[in-house]
file run_5.cif (mmCIF, C-alpha atoms)
data_target
#
loop_
_atom_site.label_atom_id
_atom_site.label_comp_id
_atom_site.auth_asym_id
_atom_site.auth_seq_id
_atom_site.Cartn_x
_atom_site.Cartn_y
_atom_site.Cartn_z
CA MET C 1 6.96 -5.80 31.59
CA SER C 2 6.70 -7.83 34.79
CA LYS C 3 10.42 -7.42 35.43
CA LYS C 4 11.91 -3.95 35.74
CA LEU C 5 14.34 -3.09 32.97
CA ARG C 6 18.05 -3.18 33.80
CA ILE C 7 20.18 -0.51 32.12
CA LEU C 8 23.95 -0.09 32.11
CA LEU C 9 25.13 3.51 31.79
CA SER C 10 28.61 4.60 30.78
CA ASN C 11 30.22 7.65 29.17
CA ASP C 12 33.52 9.28 28.25
CA ASP C 13 33.19 12.44 30.36
CA GLY C 14 33.76 10.68 33.66
CA VAL C 15 31.68 9.11 36.40
CA PHE C 16 30.90 12.46 38.07
CA ALA C 17 29.83 14.24 34.87
CA GLU C 18 26.51 16.06 34.82
CA GLY C 19 25.30 14.24 31.72
CA ILE C 20 25.46 10.68 33.03
CA ASN C 21 24.04 11.63 36.43
CA THR C 22 21.11 13.52 34.89
CA LEU C 23 20.43 10.49 32.70
CA ALA C 24 20.55 8.13 35.69
CA ALA C 25 18.15 10.29 37.71
CA VAL C 26 15.55 10.41 34.91
CA LEU C 27 15.74 6.72 34.00
CA SER C 28 15.75 5.42 37.58
CA ASP C 29 11.96 5.70 37.73
CA ILE C 30 11.52 3.00 35.08
CA ALA C 31 14.71 0.94 35.35
CA HIS C 32 17.39 -0.45 37.63
CA ILE C 33 20.47 1.63 36.81
CA THR C 34 24.10 0.55 37.02
CA ILE C 35 26.81 3.12 36.24
CA VAL C 36 30.29 2.02 35.18
CA ALA C 37 32.25 4.99 33.87
CA PRO C 38 35.81 6.32 33.63
CA ASP C 39 37.33 7.94 36.70
CA ARG C 40 38.07 11.06 34.64
CA ASN C 41 37.36 12.64 31.27
CA ARG C 42 38.36 10.27 28.46
CA SER C 43 36.82 12.10 25.52
CA GLY C 44 38.24 11.09 22.15
CA ALA C 45 39.34 7.67 23.40
CA SER C 46 37.40 5.95 20.61
CA ASN C 47 37.43 2.14 20.87
CA SER C 48 40.76 1.91 22.69
CA LEU C 49 41.33 -0.76 25.32
CA THR C 50 43.84 -0.71 28.18
CA LEU C 51 46.11 -3.68 27.45
CA GLU C 52 49.46 -3.02 29.15
CA SER C 53 48.28 -2.25 32.68
CA PRO C 54 45.51 -3.61 34.94
CA LEU C 55 42.17 -1.90 35.31
CA ARG C 56 41.65 -0.36 38.73
CA VAL C 57 37.99 -0.23 39.72
CA ARG C 58 36.53 1.72 42.64
CA GLN C 59 32.99 1.31 43.95
CA ILE C 60 31.67 4.78 44.72
CA GLU C 61 28.29 3.62 46.01
CA ASP C 62 25.78 0.88 45.26
CA HIS C 63 25.60 0.32 41.51
CA ILE C 64 28.16 3.05 40.72
CA HIS C 65 31.71 2.09 39.78
CA SER C 66 34.57 4.18 38.47
CA VAL C 67 37.22 2.59 36.24
CA GLN C 68 40.74 3.81 35.64
CA GLY C 69 40.41 3.22 31.92
CA THR C 70 38.57 4.03 28.71
CA PRO C 71 34.83 3.89 27.97
CA THR C 72 35.39 0.61 26.13
CA ASP C 73 37.21 -0.75 29.20
CA CYS C 74 34.23 0.25 31.33
CA VAL C 75 31.61 -1.56 29.25
CA HIS C 76 33.91 -4.56 28.79
CA PHE C 77 34.43 -4.83 32.55
CA ALA C 78 30.75 -4.34 33.31
CA LEU C 79 29.53 -7.06 30.95
CA ASN C 80 32.33 -9.58 31.40
CA GLU C 81 32.82 -9.27 35.14
CA LEU C 82 30.56 -7.02 37.22
CA MET C 83 27.24 -8.02 35.57
CA LYS C 84 28.23 -11.25 33.85
CA ASP C 85 25.71 -13.34 35.81
CA ASP C 86 22.82 -10.95 35.22
CA LEU C 87 23.40 -8.94 32.06
CA PRO C 88 21.56 -5.66 31.50
CA ASP C 89 18.74 -5.39 28.99
CA LEU C 90 20.06 -2.21 27.43
CA ILE C 91 23.23 -0.08 27.32
CA ILE C 92 23.12 3.70 27.11
CA THR C 93 26.26 5.83 26.94
CA GLY C 94 26.24 9.55 27.66
CA ILE C 95 24.79 12.03 27.94
CA ASN C 96 27.91 13.28 26.19
CA HIS C 97 28.96 16.86 26.86
CA GLY C 98 28.96 17.97 23.23
CA ALA C 99 28.05 16.67 19.80
CA ASN C 100 28.97 13.37 18.19
CA LEU C 101 28.08 14.18 14.59
CA GLY C 102 29.47 13.11 11.23
CA ASP C 103 33.11 11.99 11.20
CA ASP C 104 33.44 12.77 14.91
CA THR C 105 31.71 9.48 15.74
CA LEU C 106 34.94 7.67 14.79
CA TYR C 107 36.78 9.33 17.68
CA SER C 108 33.96 9.36 20.22
CA GLY C 109 34.37 7.42 23.45
CA THR C 110 30.61 7.73 23.95
CA VAL C 111 29.87 5.97 20.67
CA ALA C 112 32.67 3.47 21.35
CA GLY C 113 31.13 2.46 24.67
CA ALA C 114 27.84 1.74 22.93
CA THR C 115 29.68 -0.12 20.19
CA GLU C 116 31.36 -2.36 22.78
CA GLY C 117 27.94 -3.28 24.12
CA HIS C 118 26.87 -4.08 20.57
CA PHE C 119 29.94 -6.31 20.11
CA LEU C 120 28.90 -8.19 23.23
CA GLY C 121 25.39 -8.77 21.93
CA LEU C 122 23.26 -6.11 23.59
CA PRO C 123 21.16 -3.26 22.19
CA ALA C 124 22.95 0.05 22.68
CA ILE C 125 22.26 3.78 22.41
CA ALA C 126 24.82 6.61 22.43
CA MET C 127 23.33 9.90 23.68
CA SER C 128 24.92 13.32 23.10
CA LEU C 129 23.84 16.87 23.87
CA VAL C 130 25.01 19.37 21.26
CA GLY C 131 25.94 21.89 23.93
CA SER C 132 26.31 21.97 27.69
CA LYS C 133 23.12 23.33 29.25
CA TYR C 134 19.92 21.35 28.63
CA PHE C 135 20.89 17.88 29.84
CA ASP C 136 17.32 17.43 31.05
CA THR C 137 16.13 17.69 27.44
CA ALA C 138 18.51 14.94 26.31
CA ALA C 139 17.50 12.80 29.28
CA GLN C 140 13.83 13.17 28.34
CA VAL C 141 14.66 12.07 24.79
CA ALA C 142 16.49 9.04 26.22
CA LEU C 143 13.47 8.22 28.40
CA GLU C 144 11.18 8.21 25.38
CA LEU C 145 13.59 5.99 23.46
CA VAL C 146 13.65 3.53 26.37
CA ASN C 147 9.85 3.50 26.46
CA ASN C 148 9.87 2.74 22.73
CA HIS C 149 12.31 -0.09 23.43
CA LEU C 150 9.91 -1.51 26.00
CA LYS C 151 7.13 -1.60 23.41
CA LYS C 152 9.29 -2.83 20.54
CA PRO C 153 12.84 -3.92 21.51
CA LEU C 154 15.71 -2.43 19.58
CA THR C 155 17.71 -4.72 17.32
CA THR C 156 21.16 -5.77 18.47
CA LYS C 157 22.41 -5.38 14.89
CA ARG C 158 22.67 -1.59 15.07
CA VAL C 159 23.88 1.10 17.47
CA LEU C 160 21.76 4.24 17.75
CA ASN C 161 23.75 7.47 17.70
CA VAL C 162 21.45 10.14 19.12
CA ASN C 163 22.25 13.87 19.15
CA VAL C 164 19.93 16.32 20.90
CA PRO C 165 19.88 20.09 20.33
CA ASP C 166 20.82 22.20 23.35
CA CYS C 167 17.40 23.74 23.98
CA GLU C 168 14.29 23.30 26.07
CA TYR C 169 12.33 20.16 25.23
CA SER C 170 9.39 22.23 24.01
CA GLN C 171 11.64 23.86 21.40
CA ILE C 172 12.48 20.59 19.64
CA THR C 173 10.78 20.70 16.25
CA SER C 174 10.87 17.00 15.34
CA TRP C 175 12.72 13.71 15.59
CA GLU C 176 14.60 12.66 12.45
CA VAL C 177 16.33 9.47 11.34
CA THR C 178 19.52 10.75 9.75
CA ARG C 179 22.77 9.73 8.09
CA LEU C 180 26.19 10.88 9.22
CA GLY C 181 27.37 14.10 7.65
CA ALA C 182 31.02 14.85 6.93
CA ARG C 183 33.63 17.52 7.59
CA HIS C 184 36.58 18.85 5.62
CA HIS C 185 40.04 17.94 6.88
CA SER C 186 40.80 19.25 10.35
CA GLU C 187 42.76 22.46 10.77
CA SER C 188 46.56 22.54 11.14
CA MET C 189 48.31 21.72 14.41
CA ILE C 190 48.84 24.59 16.83
CA LYS C 191 52.47 24.97 17.86
CA ASP C 192 53.17 26.41 21.29
CA THR C 193 55.75 26.48 24.08
CA ASP C 194 55.27 25.16 27.60
CA PRO C 195 56.49 27.02 30.74
CA ARG C 196 59.85 25.24 30.51
CA GLY C 197 60.44 26.42 26.97
CA GLU C 198 59.75 23.05 25.37
CA THR C 199 57.86 22.93 22.08
CA ILE C 200 54.37 21.43 22.34
CA TYR C 201 51.56 20.87 19.86
CA TRP C 202 47.78 21.06 20.17
CA LEU C 203 45.36 19.40 17.80
CA GLY C 204 43.75 21.96 15.53
CA PRO C 205 39.98 22.62 15.52
CA PRO C 206 37.69 20.33 13.53
CA GLY C 207 37.27 21.06 9.85
CA LYS C 208 34.25 22.93 8.53
CA LYS C 209 31.16 20.99 7.54
CA GLN C 210 31.41 19.48 4.07
CA ASP C 211 28.28 17.34 3.85
CA ALA C 212 25.60 18.95 6.01
CA GLY C 213 22.57 18.89 3.73
CA LYS C 214 19.06 17.72 4.42
CA GLY C 215 19.01 14.20 5.78
CA THR C 216 22.29 14.55 7.68
CA ASP C 217 22.75 14.74 11.42
CA PHE C 218 24.29 18.23 11.04
CA TYR C 219 21.18 19.49 9.27
CA ALA C 220 18.86 18.06 11.89
CA ILE C 221 20.66 19.76 14.76
CA GLN C 222 20.75 23.08 12.87
CA HIS C 223 16.95 22.89 12.72
CA ASN C 224 16.41 21.96 16.39
CA GLN C 225 15.62 18.36 15.50
CA VAL C 226 16.66 15.26 17.42
CA SER C 227 19.05 13.32 15.18
CA ILE C 228 18.94 9.51 15.36
CA THR C 229 21.49 7.71 13.21
CA PRO C 230 21.56 3.89 13.14
CA LEU C 231 25.20 2.78 12.93
CA GLN C 232 26.61 -0.50 11.68
CA VAL C 233 30.00 -1.78 12.73
CA ASP C 234 30.87 -3.81 9.63
CA LEU C 235 33.50 -1.65 7.87
CA THR C 236 33.70 -3.86 4.81
CA ALA C 237 33.18 -1.96 1.53
CA HIS C 238 30.94 -4.66 0.10
CA ASP C 239 30.37 -2.84 -3.19
CA SER C 240 34.15 -2.84 -3.80
CA LEU C 241 34.78 -6.57 -3.38
CA ALA C 242 34.39 -7.41 -7.07
CA SER C 243 36.47 -4.47 -8.33
CA MET C 244 39.20 -5.26 -5.80
CA ALA C 245 39.32 -8.85 -7.05
CA ASP C 246 39.72 -7.52 -10.60
CA TRP C 247 42.50 -5.20 -9.45
CA LEU C 248 44.37 -8.05 -7.81
CA SER C 249 44.07 -10.13 -10.98
CA ILE C 250 46.30 -7.68 -12.88
CA GLU C 251 49.45 -9.47 -13.98
CA ARG C 252 52.29 -8.32 -11.78
CA ILE C 253 55.85 -7.75 -12.92
CA LYS C 254 58.05 -10.68 -11.93
#

call {"tool": "encode", "arguments": {"input": "run_5.cif", "output": "structure tokens"}}
result
Amino acid sequence: MSKKLRILLSNDDGVFAEGINTLAAVLSDIAHITIVAPDRNRSGASNSLTLESPLRVRQIEDHIHSVQGTPTDCVHFALNELMKDDLPDLIITGINHGANLGDDTLYSGTVAGATEGHFLGLPAIAMSLVGSKYFDTAAQVALELVNNHLKKPLTTKRVLNVNVPDCEYSQITSWEVTRLGARHHSESMIKDTDPRGETIYWLGPPGKKQDAGKGTDFYAIQHNQVSITPLQVDLTAHDSLASMADWLSIERIK
């Protein structure tokens, strides 16, 4: 390309997180990088937007901004204000500190940030490391995906959810296109007491894997494979439209 690629980075672990800064360092050789990320950890924020208070934005240094808001707020601000006159070519969120596999993608701020970019018409990739050590491995995977994008641009009709095993790059066995697996219901709430004697509750741990067979993202990670799952945002159950119409046609009691 005659023009250097422009990439927007965001995450849900916060602007100072190791994952996003490792990613920026690796990609800066081939692209102009802009970081717009939450001012603190906002894991589990999903697609939430801040609607009842203003967004406070702080410029940390050139091309790095911290937002007092969610990952979705960050991408929304970046594309509709900060970069509106010169939009990026690609959005990458992450590298998330931990997995975004199966049902967990519904809660992920990392995936939500990429989804917001998709909503606004740009190709987007969500990157996650299934662990907390080998961020350089995940960054190398991201670099290769960007190079693929340069050769054959990603479609804007899908979001790529990429999970990378927490190992050295040389230990990755393959790259697999996968589907989302599934978990059982999450465990019960954990009841506790705070220092003032008030009752508090913690969310229980995630449920055990229910659908983790070959072809799923869970299976890929278990076998040291990079998992790449193309996501679509249309939640319509298209194969149920006809049966729902039949159900509604049932004569109702008057």

call {"tool": "closest_residue", "arguments": {"input": "run_5.cif", "among": "C:Asp103, C:Glu52, C:Asp12, C:Glu18", "to": "Val67 (chain C)", "atoms": "only C-alpha atoms"}}
result
C:Asp12

call {"tool": "atom_distance", "arguments": {"input": "run_5.cif", "atom1": "CA of Ala237 (chain C)", "atom2": "CA of Arg179 (chain C)"}}
result
17.0 Å

call {"tool": "closest_residue", "arguments": {"input": "run_5.cif", "among": "C:Leu180, C:Leu8, C:Ile30, C:Ala25", "to": "Phe135 (chain C)", "atoms": "only C-alpha atoms"}}
result
C:Ala25

call {"tool": "resolve_selection", "arguments": {"input": "run_5.cif", "expression": "the PyMOL selection byres ((chain C and resi 176) around 9)", "output": "list in words"}}
result
Ser174, Trp175, Val177, Thr178, Gly215, Asp217, Ala220, Gln225, Val226, Ser227, Ile228 and Thr229 of chain C

call {"tool": "write_last_selection", "arguments": {"input": "run_5.cif", "atoms": "C-alpha atoms", "output": "PDB file, in the coordinates of the input"}}
result
ATOM      1  CA  SER C 174      10.870  17.000  15.340  1.00  0.00           C
ATOM      2  CA  TRP C 175      12.720  13.710  15.590  1.00  0.00           C
ATOM      3  CA  VAL C 177      16.330   9.470  11.340  1.00  0.00           C
ATOM      4  CA  THR C 178      19.520  10.750   9.750  1.00  0.00           C
ATOM      5  CA  GLY C 215      19.010  14.200   5.780  1.00  0.00           C
ATOM      6  CA  ASP C 217      22.750  14.740  11.420  1.00  0.00           C
ATOM      7  CA  ALA C 220      18.860  18.060  11.890  1.00  0.00           C
ATOM      8  CA  GLN C 225      15.620  18.360  15.500  1.00  0.00           C
ATOM      9  CA  VAL C 226      16.660  15.260  17.420  1.00  0.00           C
ATOM     10  CA  SER C 227      19.050  13.320  15.180  1.00  0.00           C
ATOM     11  CA  ILE C 228      18.940   9.510  15.360  1.00  0.00           C
ATOM     12  CA  THR C 229      21.490   7.710  13.210  1.00  0.00           C
TER      13      THR C 229
END

call {"tool": "closest_residue", "arguments": {"input": "run_5.cif", "among": "C:Lys84, C:His223, C:His118, C:Lys133", "to": "Leu154 (chain C)", "atoms": "all atoms listed in the file"}}
result
C:His118

call {"tool": "resolve_selection", "arguments": {"input": "run_5.cif", "expression": "the PyMOL selection byres ((chain C and resi 111) around 9)", "output": "list in words"}}
result
Asn11, Ser46, Asn47, Thr93, Gly94, Asn100, Thr105, Leu106, Tyr107, Ser108, Gly109, Thr110, Ala112, Gly113, Ala114, Thr115, Glu116, Ile125, Ala126, Met127, Val159, Leu160 and Asn161 of chain C

call {"tool": "write_last_selection", "arguments": {"input": "run_5.cif", "atoms": "C-alpha atoms", "output": "PDB file, keeping the file's coordinate frame"}}
result
ATOM      1  CA  ASN C  11      30.220   7.650  29.170  1.00  0.00           C
ATOM      2  CA  SER C  46      37.400   5.950  20.610  1.00  0.00           C
ATOM      3  CA  ASN C  47      37.430   2.140  20.870  1.00  0.00           C
ATOM      4  CA  THR C  93      26.260   5.830  26.940  1.00  0.00           C
ATOM      5  CA  GLY C  94      26.240   9.550  27.660  1.00  0.00           C
ATOM      6  CA  ASN C 100      28.970  13.370  18.190  1.00  0.00           C
ATOM      7  CA  THR C 105      31.710   9.480  15.740  1.00  0.00           C
ATOM      8  CA  LEU C 106      34.940   7.670  14.790  1.00  0.00           C
ATOM      9  CA  TYR C 107      36.780   9.330  17.680  1.00  0.00           C
ATOM     10  CA  SER C 108      33.960   9.360  20.220  1.00  0.00           C
ATOM     11  CA  GLY C 109      34.370   7.420  23.450  1.00  0.00           C
ATOM     12  CA  THR C 110      30.610   7.730  23.950  1.00  0.00           C
ATOM     13  CA  ALA C 112      32.670   3.470  21.350  1.00  0.00           C
ATOM     14  CA  GLY C 113      31.130   2.460  24.670  1.00  0.00           C
ATOM     15  CA  ALA C 114      27.840   1.740  22.930  1.00  0.00           C
ATOM     16  CA  THR C 115      29.680  -0.120  20.190  1.00  0.00           C
ATOM     17  CA  GLU C 116      31.360  -2.360  22.780  1.00  0.00           C
ATOM     18  CA  ILE C 125      22.260   3.780  22.410  1.00  0.00           C
ATOM     19  CA  ALA C 126      24.820   6.610  22.430  1.00  0.00           C
ATOM     20  CA  MET C 127      23.330   9.900  23.680  1.00  0.00           C
ATOM     21  CA  VAL C 159      23.880   1.100  17.470  1.00  0.00           C
ATOM     22  CA  LEU C 160      21.760   4.240  17.750  1.00  0.00           C
ATOM     23  CA  ASN C 161      23.750   7.470  17.700  1.00  0.00           C
TER      24      ASN C 161
END

call {"tool": "closest_residue", "arguments": {"input": "run_5.cif", "among": "C:Tyr134, C:Phe77, C:Tyr201, C:Phe119", "to": "Asn96 (chain C)", "atoms": "only C-alpha atoms"}}
result
C:Tyr134

call {"tool": "decode", "arguments": {"input": "run_5.cif", "residues": "region 2-121 of chain C", "atoms": "C-alpha atoms", "output": "compact mmCIF listing (two decimals), in the first residue's frame"}}
result
# COMPACT_ATOMS: atom_id res chain seq x y z
CA SER C 2 1.25 3.50 -0.79
CA LYS C 3 -0.47 4.88 2.31
CA LYS C 4 0.40 3.48 5.73
CA LEU C 5 -2.48 1.67 7.40
CA ARG C 6 -4.30 3.49 10.20
CA ILE C 7 -5.46 1.30 13.09
CA LEU C 8 -7.62 2.21 16.07
CA LEU C 9 -6.91 0.18 19.21
CA SER C 10 -9.21 -0.14 22.20
CA ASN C 11 -9.83 -2.66 24.97
CA ASP C 12 -11.72 -3.30 28.20
CA ASP C 13 -8.73 -3.74 30.53
CA GLY C 14 -7.80 -0.07 30.54
CA VAL C 15 -5.49 2.25 28.65
CA PHE C 16 -2.41 1.23 30.67
CA ALA C 17 -2.96 -2.53 30.33
CA GLU C 18 -0.08 -4.69 29.13
CA GLY C 19 -2.13 -6.25 26.34
CA ILE C 20 -3.04 -3.11 24.43
CA ASN C 21 0.44 -1.60 24.81
CA THR C 22 2.15 -4.77 23.59
CA LEU C 23 -0.20 -4.78 20.61
CA ALA C 24 0.54 -1.13 19.84
CA ALA C 25 4.31 -1.68 20.00
CA VAL C 26 4.20 -4.61 17.56
CA LEU C 27 1.81 -3.01 15.07
CA SER C 28 3.48 0.41 15.06
CA ASP C 29 6.06 -0.82 12.54
CA ILE C 30 3.41 -1.30 9.85
CA ALA C 31 0.65 1.13 10.85
CA HIS C 32 -0.21 4.47 12.40
CA ILE C 33 -1.69 3.57 15.78
CA THR C 34 -4.31 5.49 17.74
CA ILE C 35 -5.31 4.22 21.19
CA VAL C 36 -8.66 5.17 22.72
CA ALA C 37 -9.34 3.03 25.77
CA PRO C 38 -11.10 3.15 29.15
CA ASP C 39 -9.35 4.91 32.02
CA ARG C 40 -9.69 1.75 34.12
CA ASN C 41 -10.66 -1.90 33.87
CA ARG C 42 -14.15 -2.24 32.38
CA SER C 43 -14.21 -5.99 31.79
CA GLY C 44 -17.70 -7.43 31.37
CA ALA C 45 -19.16 -4.11 30.21
CA SER C 46 -20.51 -5.75 27.04
CA ASN C 47 -22.12 -3.26 24.63
CA SER C 48 -23.14 -0.75 27.30
CA LEU C 49 -23.05 2.97 26.56
CA THR C 50 -22.78 5.83 29.06
CA LEU C 51 -26.02 7.77 28.58
CA GLU C 52 -26.72 9.67 31.81
CA SER C 53 -23.40 11.44 32.29
CA PRO C 54 -20.87 13.07 29.93
CA LEU C 55 -17.77 11.28 28.73
CA ARG C 56 -14.57 12.73 30.16
CA VAL C 57 -11.61 12.25 27.84
CA ARG C 58 -7.95 12.78 28.74
CA GLN C 59 -5.10 12.90 26.23
CA ILE C 60 -2.20 10.98 27.73
CA GLU C 61 0.19 11.59 24.84
CA ASP C 62 0.01 11.90 21.07
CA HIS C 63 -2.51 9.41 19.70
CA ILE C 64 -3.35 7.98 23.15
CA HIS C 65 -6.60 8.96 24.85
CA SER C 66 -8.25 7.62 27.98
CA VAL C 67 -12.04 7.75 28.32
CA GLN C 68 -14.05 7.66 31.52
CA GLY C 69 -16.47 5.17 30.03
CA THR C 70 -16.99 1.75 28.51
CA PRO C 71 -15.19 0.13 25.55
CA THR C 72 -18.21 0.91 23.38
CA ASP C 73 -18.03 4.55 24.50
CA CYS C 74 -14.36 4.61 23.50
CA VAL C 75 -14.88 3.35 19.96
CA HIS C 76 -17.98 5.52 19.54
CA PHE C 77 -16.04 8.62 20.61
CA ALA C 78 -13.05 7.74 18.45
CA LEU C 79 -15.03 7.25 15.25
CA ASN C 80 -17.65 9.96 15.72
CA GLU C 81 -15.44 12.69 17.14
CA LEU C 82 -11.69 12.18 17.46
CA MET C 83 -11.12 10.53 14.04
CA LYS C 84 -14.32 11.51 12.24
CA ASP C 85 -12.46 13.43 9.51
CA ASP C 86 -9.94 10.67 8.86
CA LEU C 87 -11.38 7.31 9.86
CA PRO C 88 -9.08 4.36 10.56
CA ASP C 89 -8.79 1.48 8.13
CA LEU C 90 -9.14 -1.17 10.81
CA ILE C 91 -10.20 -1.55 14.45
CA ILE C 92 -8.53 -4.01 16.80
CA THR C 93 -9.62 -4.45 20.42
CA GLY C 94 -7.44 -6.15 23.01
CA ILE C 95 -5.22 -7.88 23.66
CA ASN C 96 -7.70 -8.96 26.31
CA HIS C 97 -6.28 -10.28 29.57
CA GLY C 98 -8.07 -13.63 29.46
CA ALA C 99 -10.28 -15.66 27.16
CA ASN C 100 -13.39 -14.59 25.28
CA LEU C 101 -14.75 -18.00 24.34
CA GLY C 102 -18.23 -19.41 23.86
CA ASP C 103 -21.02 -17.64 25.74
CA ASP C 104 -18.52 -15.26 27.35
CA THR C 105 -18.43 -13.22 24.14
CA LEU C 106 -21.88 -11.83 25.05
CA TYR C 107 -20.43 -10.13 28.13
CA SER C 108 -17.05 -9.14 26.71
CA GLY C 109 -16.15 -5.47 26.48
CA THR C 110 -13.35 -6.44 24.09
CA VAL C 111 -15.78 -8.04 21.66
CA ALA C 112 -18.23 -5.17 22.19
CA GLY C 113 -15.64 -2.60 21.18
CA ALA C 114 -15.02 -4.46 17.95
CA THR C 115 -18.76 -4.80 17.42
CA GLU C 116 -19.19 -1.03 17.76
CA GLY C 117 -16.63 -0.54 15.00
CA HIS C 118 -18.59 -3.02 12.89
CA PHE C 119 -21.82 -1.07 13.54
CA LEU C 120 -20.06 2.04 12.27
CA GLY C 121 -18.96 0.34 9.06
